[in-house]
Amino acid sequence: MNFPAIDPIAFTIGPLAVRWYSLSYIIGILIGLILINKFIITYKKNITKNDVYDLLNYLILGIIIGGRLGYVFFYNLEFYFYNPFEILKIWNGGMSFHGAMVGIIISIGWFSSKNNKSFFDLTDIICLVSPIGIFFGRIANFINGELYGKVTDHTFGIIFPRGGELPRHPSQLYEAFFEGLILFIILNCLFFFSNLKSKSGIISSLFLILYGIFRFFIETLREPDAHIGLLWNFLSMGQLLCIPMIACGILLLVYVKKLNEQQIN
């Protein structure tokens, strides 16, 4: 199957070109904001709509700064060491999910400390909606014809313009499905149809564990970054970063379970 001819530029306003990748961030944030405002009614915690709008400013900074610095340090440190001003050119691409996640955690920690809000209550509601942003982000990666998978003879295979003449796994769509749609369904079903609403931090730990597992296995079908390749001829950088993510999720799950039991007692 040939790659569908989709223009990465969604539309233009005068000299300004608005790309699907930028729109994916905007759409993900807007939908997430709408859902969070609905969730806090069910959540019945000390979080208001004003808190959500204030937190949004912190989150946007965390996503942009963390995502960019994560890419710089994890994926292309040598290039940016010799070309430091290129770090500011985020319009040229180069964002890391794991870096953005760290940026979000720091942003929530800063906001919760400043406003006397529960850190885990905030991370839980953010984790409930984060898969939406991941879904649209991966769809945008597909439209851009980037981050494609390894060569395959499967019927799902697509010939990407930048991937040579052989069909490859559309790994962006696999990630959109599992890290986006499936993860969203699992976390929200657990939240709304169990007693996890009253147990702060459980959703956050499950997000770390499940995203890490999904990403780790999908990375086996994804073409590694050309300038990095496979580390030790075995792991991609994405897989390597998922290992501490899963481990932190498991440790957090143990910790918040004990914390919630102490609060009940």
# chains A, B, ... in the order shown; residues from 1 in each chain; ligands from 1
$ residues_around --residues "Ile104 of chain A" --least-positions-apart "6" --cutoff "6 Å" --atoms "only C-alpha atoms" --output "ChimeraX atom specification"
/A:59,62-63
$ write_last_selection --atoms "C-alpha atoms" --output "mmCIF file, in the first residue's frame"
data_model
loop_
_atom_site.group_PDB
_atom_site.id
_atom_site.type_symbol
_atom_site.label_atom_id
_atom_site.label_comp_id
_atom_site.auth_asym_id
_atom_site.auth_seq_id
_atom_site.Cartn_x
_atom_site.Cartn_y
_atom_site.Cartn_z
ATOM 1 C CA LEU A 59 1.342 22.085 31.661
ATOM 2 C CA GLY A 62 6.125 21.588 30.860
ATOM 3 C CA ILE A 63 5.182 19.884 27.593
#
$ closest_atom_pairs --of "segment 61-95 of chain A" --to "segment 214-228 of chain A" --cutoff "12 Å" --atoms "only C-alpha atoms" --output "Markdown table"
| residue | atom | partner | partner_atom | distance |
| --- | --- | --- | --- | --- |
| A:Tyr71 | CA | A:Asp225 | CA | 11.8 |
| A:Phe74 | CA | A:Ile228 | CA | 10.0 |
| A:Tyr75 | CA | A:Ile228 | CA | 7.4 |
| A:Asn76 | CA | A:His227 | CA | 8.1 |
| A:Leu77 | CA | A:Ile228 | CA | 10.9 |
| A:Glu78 | CA | A:His227 | CA | 10.6 |
| A:Phe79 | CA | A:His227 | CA | 10.4 |
| A:Gly94 | CA | A:Asp225 | CA | 11.7 |
$ write_last_selection --atoms "C-alpha atoms" --output "PDB file, in the first residue's frame"
ATOM      1  CA  TYR A  71      14.760  15.181  22.653  1.00  0.00           C
ATOM      2  CA  PHE A  74      18.015  11.635  24.908  1.00  0.00           C
ATOM      3  CA  TYR A  75      18.150  11.642  21.128  1.00  0.00           C
ATOM      4  CA  ASN A  76      20.618  14.167  19.678  1.00  0.00           C
ATOM      5  CA  LEU A  77      22.858  15.643  22.372  1.00  0.00           C
ATOM      6  CA  GLU A  78      26.000  15.849  20.237  1.00  0.00           C
ATOM      7  CA  PHE A  79      24.290  17.858  17.481  1.00  0.00           C
ATOM      8  CA  GLY A  94      12.218  17.090  17.656  1.00  0.00           C
TER       9      GLY A  94
END
$ select_by_dssp --residues "segment 63-102 of chain A" --states "alpha helix (DSSP H)" --output "list in words"
Ile63, Ile64, Ile65, Gly66, Gly67, Arg68, Leu69, Gly70, Tyr71, Val72, Phe73, Phe74, Tyr75, Leu77, Glu78, Phe79, Tyr80, Phe81, Tyr82, Phe97, His98, Gly99, Ala100, Met101 and Val102 of chain A
$ closest_residue --among "A:Asn144, A:Ser200, A:Ser96, A:Ser112" --to "Lys258 of chain A" --atoms "only C-alpha atoms"
A:Ser200
$ residues_around --residues "Ala100 of chain A" --least-positions-apart "2" --cutoff "6 Å" --atoms "only C-alpha atoms" --output "ChimeraX atom specification"
/A:63,66-67,97-98,102-103
$ select_by_dssp --residues "segment 31-247 of chain A" --states "strand (DSSP E or B)" --output "number ranges by chain"
A: 149, 151, 158-159, 168, 222, 231, 235
$ residues_around --residues "Asn116 of chain A" --least-positions-apart "6" --cutoff "12 Å" --atoms "only C-alpha atoms" --output "PyMOL selection string"
chain A and resi 46-47+51+108-110+122
$ write_last_selection --atoms "C-alpha atoms" --output "PDB file, in the first residue's frame"
ATOM      1  CA  ASN A  46     -10.458  19.882  46.062  1.00  0.00           C
ATOM      2  CA  ILE A  47     -10.001  20.866  42.397  1.00  0.00           C
ATOM      3  CA  ASP A  51      -7.500  25.386  39.154  1.00  0.00           C
ATOM      4  CA  ILE A 108       2.210  19.637  38.410  1.00  0.00           C
ATOM      5  CA  GLY A 109       4.580  19.442  41.372  1.00  0.00           C
ATOM      6  CA  TRP A 110       5.249  23.165  41.129  1.00  0.00           C
ATOM      7  CA  LEU A 122      -3.829  16.309  39.811  1.00  0.00           C
TER       8      LEU A 122
END
$ residues_around --residues "Thr123 of chain A" --least-positions-apart "5" --cutoff "12 Å" --atoms "only C-alpha atoms" --output "list in words"
Ile36, Ile47, Val52, Leu55, Leu59, Met101, Val102, Ile104, Ile105, Ile106, Ser107, Ile108, Gly109, Phe111, Ser112, Lys117, Ser118, Leu128, Val129, Ser130, Ser200, Gly201, Ile202, Ile203, Ser204, Ser205, Leu206, Phe207 and Leu208 of chain A
$ write_last_selection --atoms "C-alpha atoms" --output "CSV table (one decimal), in the first residue's frame"
chain,number,residue,atom,x,y,z
A,36,ILE,CA,-11.1,17.3,32.9
A,47,ILE,CA,-10.0,20.9,42.4
A,52,VAL,CA,-7.7,23.5,35.9
A,55,LEU,CA,-2.7,24.4,35.8
A,59,LEU,CA,1.3,22.1,31.7
A,101,MET,CA,6.2,13.6,30.7
A,102,VAL,CA,9.0,14.7,33.0
A,104,ILE,CA,4.5,17.7,33.1
A,105,ILE,CA,5.4,16.0,36.4
A,106,ILE,CA,7.6,18.9,37.4
A,107,SER,CA,4.9,21.4,36.3
A,108,ILE,CA,2.2,19.6,38.4
A,109,GLY,CA,4.6,19.4,41.4
A,111,PHE,CA,1.6,24.0,40.8
A,112,SER,CA,0.4,21.7,43.6
A,117,LYS,CA,-3.3,21.0,46.0
A,118,SER,CA,-2.9,17.2,46.1
A,128,LEU,CA,-7.0,10.1,32.4
A,129,VAL,CA,-6.9,12.5,29.4
A,130,SER,CA,-3.3,12.3,28.3
A,200,SER,CA,-5.2,8.9,44.7
A,201,GLY,CA,-2.2,7.9,42.6
A,202,ILE,CA,-3.4,4.5,41.4
A,203,ILE,CA,-4.4,5.9,37.9
A,204,SER,CA,-1.1,7.7,37.7
A,205,SER,CA,0.9,4.5,38.4
A,206,LEU,CA,-1.2,2.4,36.0
A,207,PHE,CA,-0.6,5.0,33.3
A,208,LEU,CA,3.2,4.7,33.7
$ closest_atom_pairs --of "segment 114-224 of chain A" --to "segment 26-29 of chain A" --cutoff "12 Å" --atoms "only C-alpha atoms" --output "Markdown table"
| residue | atom | partner | partner_atom | distance |
| --- | --- | --- | --- | --- |
| A:Ile126 | CA | A:Ile29 | CA | 10.5 |
| A:Val129 | CA | A:Gly28 | CA | 8.6 |
| A:Ser130 | CA | A:Gly28 | CA | 8.0 |
| A:Pro131 | CA | A:Gly28 | CA | 8.8 |
| A:Ile132 | CA | A:Gly28 | CA | 5.7 |
| A:Gly133 | CA | A:Gly28 | CA | 4.1 |
| A:Ile134 | CA | A:Gly28 | CA | 7.8 |
| A:Phe135 | CA | A:Gly28 | CA | 8.2 |
| A:Phe136 | CA | A:Gly28 | CA | 6.5 |
| A:Gly137 | CA | A:Gly28 | CA | 8.1 |
| A:Arg138 | CA | A:Gly28 | CA | 11.2 |
| A:Ile139 | CA | A:Gly28 | CA | 11.4 |
| A:Ala140 | CA | A:Ile27 | CA | 11.3 |
| A:Gly180 | CA | A:Gly28 | CA | 10.9 |
$ residues_around --residues "Ile90 of chain A" --least-positions-apart "4" --cutoff "10 Å" --atoms "only C-alpha atoms" --output "count of residues only"
7
